[in-house]
>>> print(open('query_31.csv').read())   # CSV, C-alpha atoms and all ligand atoms
chain,number,residue,atom,x,y,z
A,170,MET,CA,20.2,-1.8,5.6
A,171,SER,CA,16.8,-3.4,4.6
A,172,ARG,CA,18.4,-6.8,4.9
A,173,ALA,CA,19.6,-6.0,8.4
A,174,LEU,CA,16.2,-4.7,9.4
A,175,TYR,CA,14.7,-7.9,7.9
A,176,ALA,CA,17.0,-10.1,10.0
A,177,VAL,CA,16.1,-8.4,13.3
A,178,THR,CA,12.4,-8.5,12.4
A,179,GLU,CA,12.5,-12.1,11.5
A,180,LEU,CA,14.2,-12.8,14.9
A,181,GLY,CA,11.4,-10.8,16.7
A,182,ILE,CA,14.0,-8.4,18.4
A,183,ALA,CA,11.5,-5.5,18.7
A,184,ASP,CA,9.0,-7.7,20.5
A,185,LEU,CA,11.7,-8.8,23.0
A,186,LEU,CA,12.6,-5.1,23.7
A,187,ALA,CA,8.9,-4.1,24.3
A,188,ASP,CA,9.4,-3.9,28.1
A,189,GLY,CA,12.8,-2.1,28.1
A,190,PRO,CA,16.5,-2.6,27.4
A,191,VAL,CA,17.8,-6.1,26.9
A,192,SER,CA,21.5,-7.2,26.4
A,193,SER,CA,22.6,-8.6,23.1
A,194,ALA,CA,23.6,-11.8,25.0
A,195,GLU,CA,20.0,-12.2,26.3
A,196,LEU,CA,18.6,-11.4,22.8
A,197,ALA,CA,20.9,-14.0,21.2
A,198,ALA,CA,19.9,-16.6,23.8
A,199,ALA,CA,16.2,-15.9,23.3
A,200,THR,CA,16.4,-16.0,19.5
A,201,GLY,CA,19.0,-18.7,19.0
A,202,ALA,CA,21.3,-16.3,17.2
A,203,HIS,CA,25.1,-16.0,17.2
A,204,GLU,CA,25.7,-13.3,19.8
A,205,PRO,CA,28.7,-11.5,18.3
A,206,SER,CA,27.0,-11.3,14.9
A,207,LEU,CA,23.7,-10.2,16.3
A,208,TYR,CA,25.5,-7.6,18.3
A,209,ARG,CA,27.2,-6.2,15.2
A,210,VAL,CA,23.9,-5.9,13.4
A,211,LEU,CA,22.1,-4.3,16.4
A,212,ARG,CA,25.0,-1.8,16.9
A,213,MET,CA,24.8,-0.7,13.2
A,214,LEU,CA,21.0,-0.3,13.5
A,215,ALA,CA,21.5,1.6,16.7
A,216,GLY,CA,23.7,4.0,14.7
A,217,LEU,CA,20.8,4.5,12.3
A,218,GLY,CA,18.4,5.3,15.2
A,219,VAL,CA,16.4,2.0,15.0
A,220,PHE,CA,17.5,1.0,18.4
A,221,GLY,CA,19.0,2.8,21.4
A,222,GLU,CA,22.3,1.6,23.0
A,223,ALA,CA,22.5,3.6,26.2
A,224,ARG,CA,24.8,1.1,27.8
A,225,PRO,CA,27.3,-0.8,25.6
A,226,GLY,CA,25.7,-4.1,24.5
A,227,TRP,CA,22.2,-3.2,25.9
A,228,PHE,CA,19.6,-2.3,23.4
A,229,SER,CA,16.2,-0.6,23.6
A,230,LEU,CA,13.5,0.5,21.2
A,231,THR,CA,13.4,3.9,19.7
A,232,VAL,CA,10.3,5.4,18.1
A,233,LEU,CA,11.6,4.1,14.8
A,234,GLY,CA,12.4,0.6,16.1
A,235,ASP,CA,9.0,0.4,17.8
A,236,ARG,CA,7.5,0.1,14.3
A,237,LEU,CA,9.1,-3.3,14.0
A,238,ARG,CA,7.1,-4.5,17.0
A,239,SER,CA,4.1,-6.7,16.2
A,240,GLY,CA,0.8,-4.9,17.0
A,241,ALA,CA,2.5,-1.5,17.3
A,242,PRO,CA,0.5,1.5,16.0
A,243,ALA,CA,1.5,2.0,12.3
A,244,SER,CA,3.7,-1.1,12.6
A,245,MET,CA,6.0,-1.8,9.6
A,246,ARG,CA,6.8,-5.3,10.8
A,247,SER,CA,5.0,-7.2,8.0
A,248,TRP,CA,6.5,-4.7,5.5
A,249,ALA,CA,10.0,-5.5,6.7
A,250,LEU,CA,9.3,-9.3,6.5
A,251,MET,CA,7.8,-8.8,3.0
A,252,HIS,CA,11.0,-7.1,1.8
A,253,GLY,CA,13.2,-9.8,3.2
A,254,ARG,CA,11.3,-12.8,2.2
A,255,ILE,CA,9.9,-11.7,-1.2
A,256,ALA,CA,11.7,-8.6,-2.5
A,257,GLY,CA,15.3,-9.5,-1.7
A,258,ARG,CA,15.9,-11.7,-4.7
A,259,PRO,CA,14.4,-9.2,-7.2
A,260,PHE,CA,16.7,-6.5,-6.0
A,261,GLU,CA,19.6,-8.7,-7.0
A,262,HIS,CA,18.4,-7.9,-10.5
A,263,ILE,CA,18.2,-4.2,-10.2
A,264,LEU,CA,20.9,-3.8,-12.9
A,265,TYR,CA,18.8,-5.9,-15.2
A,266,ALA,CA,15.8,-3.7,-14.5
A,267,VAL,CA,17.8,-0.5,-15.2
A,268,ARG,CA,19.3,-1.9,-18.4
A,269,THR,CA,16.1,-3.4,-19.8
A,270,GLY,CA,13.1,-1.7,-18.2
A,271,GLN,CA,11.9,-5.1,-17.3
A,272,PRO,CA,11.0,-6.0,-13.6
A,273,GLY,CA,13.7,-7.6,-11.5
A,274,PHE,CA,10.9,-9.6,-10.0
A,275,ASP,CA,10.3,-11.5,-13.2
A,276,ALA,CA,14.0,-12.1,-13.6
A,277,ALA,CA,14.2,-13.6,-10.1
A,278,TYR,CA,11.1,-15.7,-10.1
A,279,GLY,CA,10.4,-16.3,-13.8
A,280,MET,CA,7.0,-14.7,-13.7
A,281,PRO,CA,5.2,-11.4,-12.7
A,282,LEU,CA,4.4,-10.6,-9.1
A,283,PHE,CA,0.7,-11.3,-8.9
A,284,GLU,CA,1.0,-14.5,-11.0
A,285,TYR,CA,3.7,-15.6,-8.5
A,286,LEU,CA,1.7,-14.8,-5.5
A,287,ALA,CA,-1.3,-16.7,-6.8
A,288,GLY,CA,0.8,-19.9,-6.9
A,289,HIS,CA,2.7,-19.3,-3.6
A,290,PRO,CA,0.2,-19.0,-0.7
A,291,GLU,CA,2.8,-18.5,2.0
A,292,ASP,CA,4.4,-15.6,0.3
A,293,ALA,CA,1.0,-14.2,-0.7
A,294,ALA,CA,0.1,-14.2,3.0
A,295,VAL,CA,3.2,-12.2,3.8
A,296,PHE,CA,2.5,-9.8,0.9
A,297,ASP,CA,-1.2,-9.3,2.0
A,298,ALA,CA,-0.2,-8.7,5.6
A,299,ALA,CA,2.2,-6.0,4.5
A,300,MET,CA,-0.5,-4.3,2.4
A,301,LEU,CA,-3.0,-4.6,5.2
A,302,GLU,CA,-0.5,-3.1,7.7
A,303,ARG,CA,0.4,-0.2,5.4
A,304,THR,CA,-3.3,0.5,4.5
A,305,ALA,CA,-4.4,0.3,8.1
A,306,ALA,CA,-2.1,3.3,8.7
A,307,PHE,CA,-3.8,5.6,6.2
A,308,ALA,CA,-7.3,4.2,6.0
A,309,PRO,CA,-8.8,6.4,8.7
A,310,SER,CA,-7.5,9.5,7.0
A,311,VAL,CA,-9.2,8.6,3.7
A,312,ALA,CA,-12.4,7.4,5.5
A,313,VAL,CA,-12.7,10.7,7.4
A,314,GLY,CA,-10.9,13.1,5.1
A,315,TYR,CA,-12.8,12.4,1.9
A,316,ASP,CA,-16.5,13.4,1.7
A,317,PHE,CA,-18.5,10.3,1.0
A,318,SER,CA,-21.9,12.0,1.9
A,319,GLU,CA,-23.0,12.0,-1.7
A,320,ALA,CA,-22.1,8.4,-2.5
A,321,ARG,CA,-24.3,5.5,-2.0
A,322,ILE,CA,-22.3,2.5,-3.2
A,323,VAL,CA,-18.5,2.2,-3.1
A,324,VAL,CA,-16.5,-0.4,-5.0
A,325,ASP,CA,-12.9,-0.9,-3.8
A,326,VAL,CA,-11.1,-2.2,-6.9
A,327,GLY,CA,-8.1,-4.4,-6.0
A,328,GLY,CA,-9.0,-3.6,-2.4
A,329,GLY,CA,-6.8,-6.3,-0.8
A,330,ARG,CA,-8.4,-7.8,2.3
A,331,GLY,CA,-10.8,-4.9,2.6
A,332,ILE,CA,-9.2,-2.9,5.4
A,333,LEU,CA,-9.8,0.5,3.7
A,334,LEU,CA,-13.3,-0.4,2.6
A,335,ALA,CA,-14.2,-1.6,6.0
A,336,GLU,CA,-13.0,1.6,7.6
A,337,ILE,CA,-14.9,3.7,5.0
A,338,LEU,CA,-18.1,1.7,5.6
A,339,ARG,CA,-17.7,1.8,9.4
A,340,ARG,CA,-17.4,5.6,9.4
A,341,ASN,CA,-20.1,6.1,6.8
A,342,PRO,CA,-23.1,4.1,7.9
A,343,HIS,CA,-25.2,5.1,4.8
A,344,LEU,CA,-22.8,3.4,2.4
A,345,GLN,CA,-23.0,0.0,0.8
A,346,GLY,CA,-19.7,-1.5,-0.4
A,347,THR,CA,-18.3,-4.0,-2.8
A,348,LEU,CA,-14.8,-5.4,-2.6
A,349,LEU,CA,-13.3,-6.7,-5.9
A,350,GLU,CA,-10.2,-8.8,-5.6
A,351,LEU,CA,-8.4,-11.8,-7.0
A,352,PRO,CA,-10.0,-15.0,-5.5
A,353,ASP,CA,-7.2,-15.9,-3.1
A,354,VAL,CA,-7.1,-12.4,-1.6
A,355,ALA,CA,-10.9,-12.0,-1.6
A,356,ALA,CA,-11.1,-15.2,0.5
A,357,GLY,CA,-9.3,-13.5,3.3
A,358,ALA,CA,-11.6,-10.4,3.4
A,359,GLY,CA,-14.5,-11.9,5.5
A,360,ALA,CA,-12.6,-11.6,8.8
A,361,VAL,CA,-11.6,-8.0,8.2
A,362,LEU,CA,-15.1,-7.0,7.3
A,363,ALA,CA,-16.6,-8.9,10.2
A,364,GLU,CA,-14.2,-7.3,12.7
A,365,ALA,CA,-15.4,-3.9,11.5
A,366,GLY,CA,-19.0,-4.9,11.8
A,367,VAL,CA,-19.8,-4.1,8.1
A,368,THR,CA,-20.4,-7.6,6.7
A,369,ASN,CA,-24.1,-7.0,6.1
A,370,ARG,CA,-23.3,-3.9,4.0
A,371,CYS,CA,-20.5,-5.3,1.9
A,372,GLU,CA,-20.3,-7.8,-0.9
A,373,VAL,CA,-17.0,-9.5,-1.8
A,374,VAL,CA,-16.6,-10.2,-5.5
A,375,ALA,CA,-13.7,-12.5,-6.6
A,376,GLY,CA,-12.6,-11.4,-10.0
A,377,ASP,CA,-10.1,-9.8,-12.3
A,378,PHE,CA,-10.3,-6.1,-12.8
A,379,PHE,CA,-9.0,-6.4,-16.3
A,380,ASP,CA,-12.2,-8.4,-17.1
A,381,GLY,CA,-14.3,-5.4,-15.8
A,382,VAL,CA,-15.6,-4.1,-12.5
A,383,PRO,CA,-19.0,-4.4,-10.9
A,384,ALA,CA,-21.2,-1.8,-12.6
A,385,GLY,CA,-23.6,0.8,-11.3
A,386,ALA,CA,-21.8,2.2,-8.2
A,387,ASP,CA,-21.2,5.9,-7.7
A,388,CYS,CA,-17.8,5.6,-6.2
A,389,TYR,CA,-14.9,3.5,-7.3
A,390,ILE,CA,-11.7,3.4,-5.3
A,391,LEU,CA,-8.3,2.5,-6.6
A,392,ALA,CA,-5.9,2.5,-3.7
A,393,ASN,CA,-2.3,1.7,-4.5
A,394,VAL,CA,-3.5,-0.2,-7.6
A,395,LEU,CA,-2.5,1.9,-10.6
A,396,HIS,CA,1.0,2.2,-9.4
A,397,ASP,CA,1.5,-1.5,-9.9
A,398,TRP,CA,1.0,-1.3,-13.7
A,399,ASP,CA,2.4,0.2,-16.8
A,400,ASP,CA,0.6,3.1,-18.5
A,401,ALA,CA,-1.4,0.9,-20.8
A,402,ARG,CA,-2.6,-1.4,-18.1
A,403,ALA,CA,-3.3,1.4,-15.7
A,404,ALA,CA,-5.4,3.1,-18.4
A,405,GLU,CA,-7.3,-0.2,-18.9
A,406,ILE,CA,-8.2,-0.3,-15.2
A,407,LEU,CA,-9.3,3.3,-15.2
A,408,ALA,CA,-11.3,2.8,-18.3
A,409,GLY,CA,-13.1,-0.2,-16.7
A,410,CYS,CA,-14.0,2.0,-13.7
A,411,HIS,CA,-15.1,4.8,-16.0
A,412,ARG,CA,-17.4,2.5,-17.9
A,413,ALA,CA,-18.9,1.1,-14.7
A,414,VAL,CA,-19.4,4.3,-12.7
A,415,THR,CA,-22.8,6.0,-12.6
A,416,ARG,CA,-23.2,9.3,-14.5
A,417,HIS,CA,-22.5,11.6,-11.5
A,418,GLY,CA,-20.2,9.2,-9.7
A,419,ARG,CA,-16.5,9.4,-9.0
A,420,VAL,CA,-13.3,7.4,-9.3
A,421,LEU,CA,-11.2,8.0,-6.2
A,422,ILE,CA,-7.5,7.3,-6.6
A,423,VAL,CA,-5.4,6.9,-3.4
A,424,GLU,CA,-1.7,7.0,-4.2
A,425,ARG,CA,1.4,8.9,-3.5
A,426,LEU,CA,2.6,11.9,-5.5
A,427,ILE,CA,6.2,13.0,-5.6
A,428,PRO,CA,6.6,16.2,-3.6
A,429,ASP,CA,8.5,19.0,-5.3
A,430,ASP,CA,11.0,19.3,-2.4
A,431,SER,CA,13.5,16.5,-3.1
A,432,ALA,CA,14.4,15.9,0.5
A,433,GLN,CA,10.7,15.3,1.3
A,434,ALA,CA,10.3,13.2,-1.8
A,435,VAL,CA,12.7,10.5,-0.7
A,436,PRO,CA,10.1,8.1,0.8
A,437,VAL,CA,8.1,8.2,-2.5
A,438,LEU,CA,11.2,7.9,-4.6
A,439,LEU,CA,12.2,4.8,-2.6
A,440,SER,CA,8.7,3.4,-3.2
A,441,ASP,CA,9.2,4.1,-6.9
A,442,ILE,CA,12.3,2.0,-6.9
A,443,ASN,CA,10.3,-0.8,-5.4
A,444,MET,CA,7.8,-0.4,-8.2
A,445,LEU,CA,10.7,-0.4,-10.7
A,446,VAL,CA,12.1,-3.7,-9.4
A,447,LEU,CA,9.0,-5.5,-8.3
A,448,SER,CA,5.9,-4.5,-10.2
A,449,PRO,CA,4.8,-5.3,-13.8
A,450,GLY,CA,5.8,-1.8,-15.2
A,451,GLY,CA,4.3,0.3,-12.4
A,452,ARG,CA,5.7,3.4,-10.8
A,453,SER,CA,5.0,5.7,-7.9
A,454,GLY,CA,4.1,9.3,-8.4
A,455,ARG,CA,2.1,9.0,-11.5
A,456,THR,CA,-1.1,10.9,-11.6
A,457,PRO,CA,-4.4,10.6,-13.5
A,458,SER,CA,-3.2,13.4,-15.8
A,459,THR,CA,0.0,11.6,-16.7
A,460,PRO,CA,0.0,11.2,-20.5
A,461,ARG,CA,-1.3,7.9,-21.7
A,462,CYS,CA,-2.3,6.8,-18.1
A,463,CYS,CA,-5.6,8.6,-18.4
A,464,ALA,CA,-5.6,10.1,-21.8
A,465,ARG,CA,-9.2,9.4,-22.6
A,466,PRO,CA,-12.5,11.2,-22.4
A,467,GLY,CA,-13.8,11.4,-18.9
A,468,CYS,CA,-10.6,11.5,-17.0
A,469,ALA,CA,-8.8,14.3,-18.8
A,470,ARG,CA,-8.9,17.2,-16.4
A,471,ALA,CA,-6.9,16.9,-13.2
A,472,ARG,CA,-5.7,19.3,-10.6
A,473,SER,CA,-4.0,19.0,-7.2
A,474,ALA,CA,-5.2,19.8,-3.8
A,475,PRO,CA,-2.9,20.1,-0.8
A,476,SER,CA,-2.9,17.7,2.2
A,477,PRO,CA,-1.5,18.6,5.6
A,478,SER,CA,1.3,16.1,5.3
A,479,PRO,CA,4.7,17.4,4.2
A,480,THR,CA,5.1,14.2,2.1
A,481,ALA,CA,1.6,14.0,0.6
A,482,SER,CA,-0.4,16.0,-1.8
A,483,SER,CA,-3.6,15.2,-3.7
A,484,ARG,CA,-4.8,15.5,-7.2
A,485,ALA,CA,-8.3,15.4,-8.6
A,486,CYS,CA,-9.5,15.0,-12.1
A,487,ARG,CA,-12.9,16.0,-13.4
A,488,ALA,CA,-14.6,14.0,-16.0
A,489,GLN,CA,-15.7,15.7,-19.1
A,490,ASP,CA,-19.0,14.0,-19.0
A,491,ASP,CA,-19.6,14.7,-15.3
A,492,ARG,CA,-18.3,11.3,-14.1
A,493,ARG,CA,-15.5,12.4,-11.9
A,494,ALA,CA,-12.3,11.1,-10.6
A,495,ALA,CA,-10.7,12.4,-7.4
A,496,ALA,CA,-7.3,11.3,-6.3
A,497,PRO,CA,-6.1,11.8,-2.7
A,498,VAL,CA,-2.6,10.7,-2.3
A,499,HIS,CA,-1.1,9.5,0.9
A,500,ASP,CA,2.1,8.3,2.5
A,501,GLY,CA,2.2,5.9,5.3
A,502,ASP,CA,1.9,8.5,8.0
A,503,ALA,CA,-0.1,11.2,6.2
A,504,THR,CA,-3.3,12.5,7.5
A,505,LEU,CA,-5.3,13.2,4.4
A,506,ARG,CA,-7.8,16.1,4.2
A,507,LEU,CA,-9.6,16.9,1.1
A,508,PRO,CA,-11.8,19.8,0.3
A,509,ARG,CA,-15.4,18.8,-0.1
A,510,SER,CA,-15.6,20.2,-3.6
A,511,ILE,CA,-12.2,19.2,-4.7
A,512,ASP,CA,-13.0,18.9,-8.4
A,513,ARG,CA,-15.5,21.8,-8.8
B,1,LIG,C1,-0.6,-3.0,-3.9
B,1,LIG,S1,-2.0,-4.0,-3.5
B,1,LIG,C2,-3.1,-2.7,-2.9
B,1,LIG,C3,-4.2,-3.4,-2.1
B,1,LIG,C4,-5.2,-2.4,-1.5
B,1,LIG,N1,-5.9,-1.6,-2.4
B,1,LIG,C5,-4.4,-1.5,-0.5
B,1,LIG,O1,-4.2,-0.3,-0.7
B,1,LIG,O2,-4.0,-2.0,0.6
B,1,LIG,C6,-2.7,-4.3,-5.1
B,1,LIG,C7,-3.8,-5.3,-5.1
B,1,LIG,O3,-4.3,-5.5,-6.4
B,1,LIG,C8,-4.8,-6.8,-6.4
B,1,LIG,N2,-4.8,-7.3,-7.8
B,1,LIG,C9,-3.7,-7.5,-8.7
B,1,LIG,N3,-4.1,-7.8,-9.9
B,1,LIG,C10,-5.5,-7.9,-9.8
B,1,LIG,C11,-6.5,-8.2,-10.8
B,1,LIG,N4,-6.1,-8.5,-12.1
B,1,LIG,N5,-7.8,-8.1,-10.5
B,1,LIG,C12,-8.1,-7.8,-9.2
B,1,LIG,N6,-7.2,-7.5,-8.2
B,1,LIG,C13,-5.9,-7.5,-8.5
B,1,LIG,C14,-3.8,-7.6,-5.6
B,1,LIG,O4,-4.3,-8.8,-5.2
B,1,LIG,C15,-3.5,-6.6,-4.5
B,1,LIG,O5,-4.3,-6.9,-3.4
>>> encode(input="query_31.csv", output="structure tokens")
Amino acid sequence: MSRALYAVTELGIADLLADGPVSSAELAAATGAHEPSLYRVLRMLAGLGVFGEARPGWFSLTVLGDRLRSGAPASMRSWALMHGRIAGRPFEHILYAVRTGQPGFDAAYGMPLFEYLAGHPEDAAVFDAAMLERTAAFAPSVAVGYDFSEARIVVDVGGGRGILLAEILRRNPHLQGTLLELPDVAAGAGAVLAEAGVTNRCEVVAGDFFDGVPAGADCYILANVLHDWDDARAAEILAGCHRAVTRHGRVLIVERLIPDDSAQAVPVLLSDINMLVLSPGGRSGRTPSTPRCCARPGCARARSAPSPSPTASSRACRAQDDRRAAAPVHDGDATLRLPRSIDR
């Protein structure tokens, strides 16, 4: 299914349907595709609700299919491209991943994900675009839903091209920000920060979070970062933030939890399989209280807080020495709302 979605996304079918129904013959002509084959893929995806087929052979966008259109609100276009161009080969090694516990990505490409991306700029651009697209969908809910009024300096650790930090700074004019990212990704942050009009309040630091994070801020954000790593590495990243944060500061973790209701849990469980196959030992649904992930002084007490989304919840952990970690958890569509005193 994901390969079929990838094929129609690569062909730009959703963009061609933006103004209304188009026949498979016209779509094939516009994309240089083999019409009978394209028709079969579109027909199958129509059966799944991605397209409408009100008249035989004429296809239109559904709400679901509209998310494959470039520039659509909450578009998943870059995500579909990322899955087709980068994640397809690793999934051929899912049996290896299940048998060994080692990432399918490494079996497919001979090296871990982030090492591969550092040496393959074209694929890195696809990956970063997917992250940016996904993060753009939940950034406003974090920027508005979390109470930053007591913070002064926010460091976004592994913050991608800065879409979340830009949104937080834009909506909280009293804040200064620092984006910490690997050099190649950090180099792409300038445009995002400039577009949000926050360049003068944000420093971009190119670096490796395993070497430490900029010290002295009162809020450290880890958005979809810990889920990329095994327990030991995740704990290392958290420990770095914990060493760096001011005495009354917080570490804010933005990640998905697995809802109790198994039907609602499916999106997160799918994401977890991505982690199993692609990431260096990461997983979705881990929380700061997961044993070994955060089993150290300062991050030991955690509790959850509800969010309005049926597929999201939140978890906060309070530091034993008053440095605090709060963890809102999102899914792509979730509106996140956190109590002001989540960890008190
Ligand atoms: C899953 S992405 C999440 C990006 C961003 N926080 C977001 O939510 O959109 C993980 C990010 O961690 C960054 N990263 C990976 N290893 C890193 C390291 N050793 N030091 C700094 N950043 C790193 C990657 O470049 C990537 O942008």
>>> residues_near_ligand(input="query_31.csv", ligand="ligand LIG 1 (chain B)", cutoff="6 Å", atoms="only C-alpha atoms and all ligand atoms", output="list in words")
Phe283, Met300, Leu301, Thr304, Gly327, Gly328, Gly329, Glu350, Leu351, Val354, Gly376, Asp377, Phe378, Phe379, Ala392, Asn393 and Val394 of chain A
>>> closest_residue(input="query_31.csv", among="A:Leu338, A:Ala183, A:Val177, A:Val414", to="Ala241 (chain A)", atoms="all atoms listed in the file")
A:Ala183
>>> residues_around(input="query_31.csv", residues="Leu395 (chain A)", least_positions_apart="3", cutoff="9 Å", atoms="only C-alpha atoms", output="PyMOL selection string")
chain A and resi 391-392+398-400+402-404+406-407+422+424+451-453+455+462
>>> residues_around(input="query_31.csv", residues="Cys388 (chain A)", least_positions_apart="6", cutoff="12 Å", atoms="all atoms listed in the file", output="tab-separated table (two decimals) with C-alpha atoms, keeping the file's coordinate frame")
chain	number	residue	atom	x	y	z
A	315	TYR	CA	-12.80	12.40	1.90
A	316	ASP	CA	-16.50	13.40	1.70
A	317	PHE	CA	-18.50	10.30	1.00
A	318	SER	CA	-21.90	12.00	1.90
A	319	GLU	CA	-23.00	12.00	-1.70
A	320	ALA	CA	-22.10	8.40	-2.50
A	321	ARG	CA	-24.30	5.50	-2.00
A	322	ILE	CA	-22.30	2.50	-3.20
A	323	VAL	CA	-18.50	2.20	-3.10
A	324	VAL	CA	-16.50	-0.40	-5.00
A	325	ASP	CA	-12.90	-0.90	-3.80
A	326	VAL	CA	-11.10	-2.20	-6.90
A	334	LEU	CA	-13.30	-0.40	2.60
A	337	ILE	CA	-14.90	3.70	5.00
A	344	LEU	CA	-22.80	3.40	2.40
A	345	GLN	CA	-23.00	0.00	0.80
A	346	GLY	CA	-19.70	-1.50	-0.40
A	347	THR	CA	-18.30	-4.00	-2.80
A	348	LEU	CA	-14.80	-5.40	-2.60
A	382	VAL	CA	-15.60	-4.10	-12.50
A	410	CYS	CA	-14.00	2.00	-13.70
A	411	HIS	CA	-15.10	4.80	-16.00
A	413	ALA	CA	-18.90	1.10	-14.70
A	414	VAL	CA	-19.40	4.30	-12.70
A	415	THR	CA	-22.80	6.00	-12.60
A	416	ARG	CA	-23.20	9.30	-14.50
A	417	HIS	CA	-22.50	11.60	-11.50
A	418	GLY	CA	-20.20	9.20	-9.70
A	419	ARG	CA	-16.50	9.40	-9.00
A	420	VAL	CA	-13.30	7.40	-9.30
A	421	LEU	CA	-11.20	8.00	-6.20
A	422	ILE	CA	-7.50	7.30	-6.60
A	492	ARG	CA	-18.30	11.30	-14.10
A	493	ARG	CA	-15.50	12.40	-11.90
A	494	ALA	CA	-12.30	11.10	-10.60
A	495	ALA	CA	-10.70	12.40	-7.40
A	496	ALA	CA	-7.30	11.30	-6.30
>>> atom_distance(input="query_31.csv", atom1="CA of Ala335 (chain A)", atom2="CA of Ala294 (chain A)")
19.3 Å
>>> closest_residue(input="query_31.csv", among="A:Ala197, A:Met245, A:Ile182, A:Ala173", to="Leu214 (chain A)", atoms="only C-alpha atoms")
A:Ala173
>>> atom_distance(input="query_31.csv", atom1="CA of Leu333 (chain A)", atom2="CA of Asp429 (chain A)")
27.5 Å
>>> closest_residue(input="query_31.csv", among="A:Ala355, A:Leu250, A:Leu174, A:Ile427", to="Leu233 (chain A)", atoms="all atoms listed in the file")
A:Leu174
>>> atom_distance(input="query_31.csv", atom1="CA of Leu230 (chain A)", atom2="CA of Leu186 (chain A)")
6.2 Å
>>> closest_residue(input="query_31.csv", among="A:Ser440, A:Met213, A:Ser448, A:Arg339", to="Glu284 (chain A)", atoms="all atoms listed in the file")
A:Ser448
>>> closest_residue(input="query_31.csv", among="A:Arg236, A:Ala356, A:Leu447, A:Gly454", to="Tyr285 (chain A)", atoms="only C-alpha atoms")
A:Leu447
>>> closest_residue(input="query_31.csv", among="A:Ser171, A:Asp353, A:Leu445, A:Phe228", to="Leu286 (chain A)", atoms="all atoms listed in the file")
A:Asp353
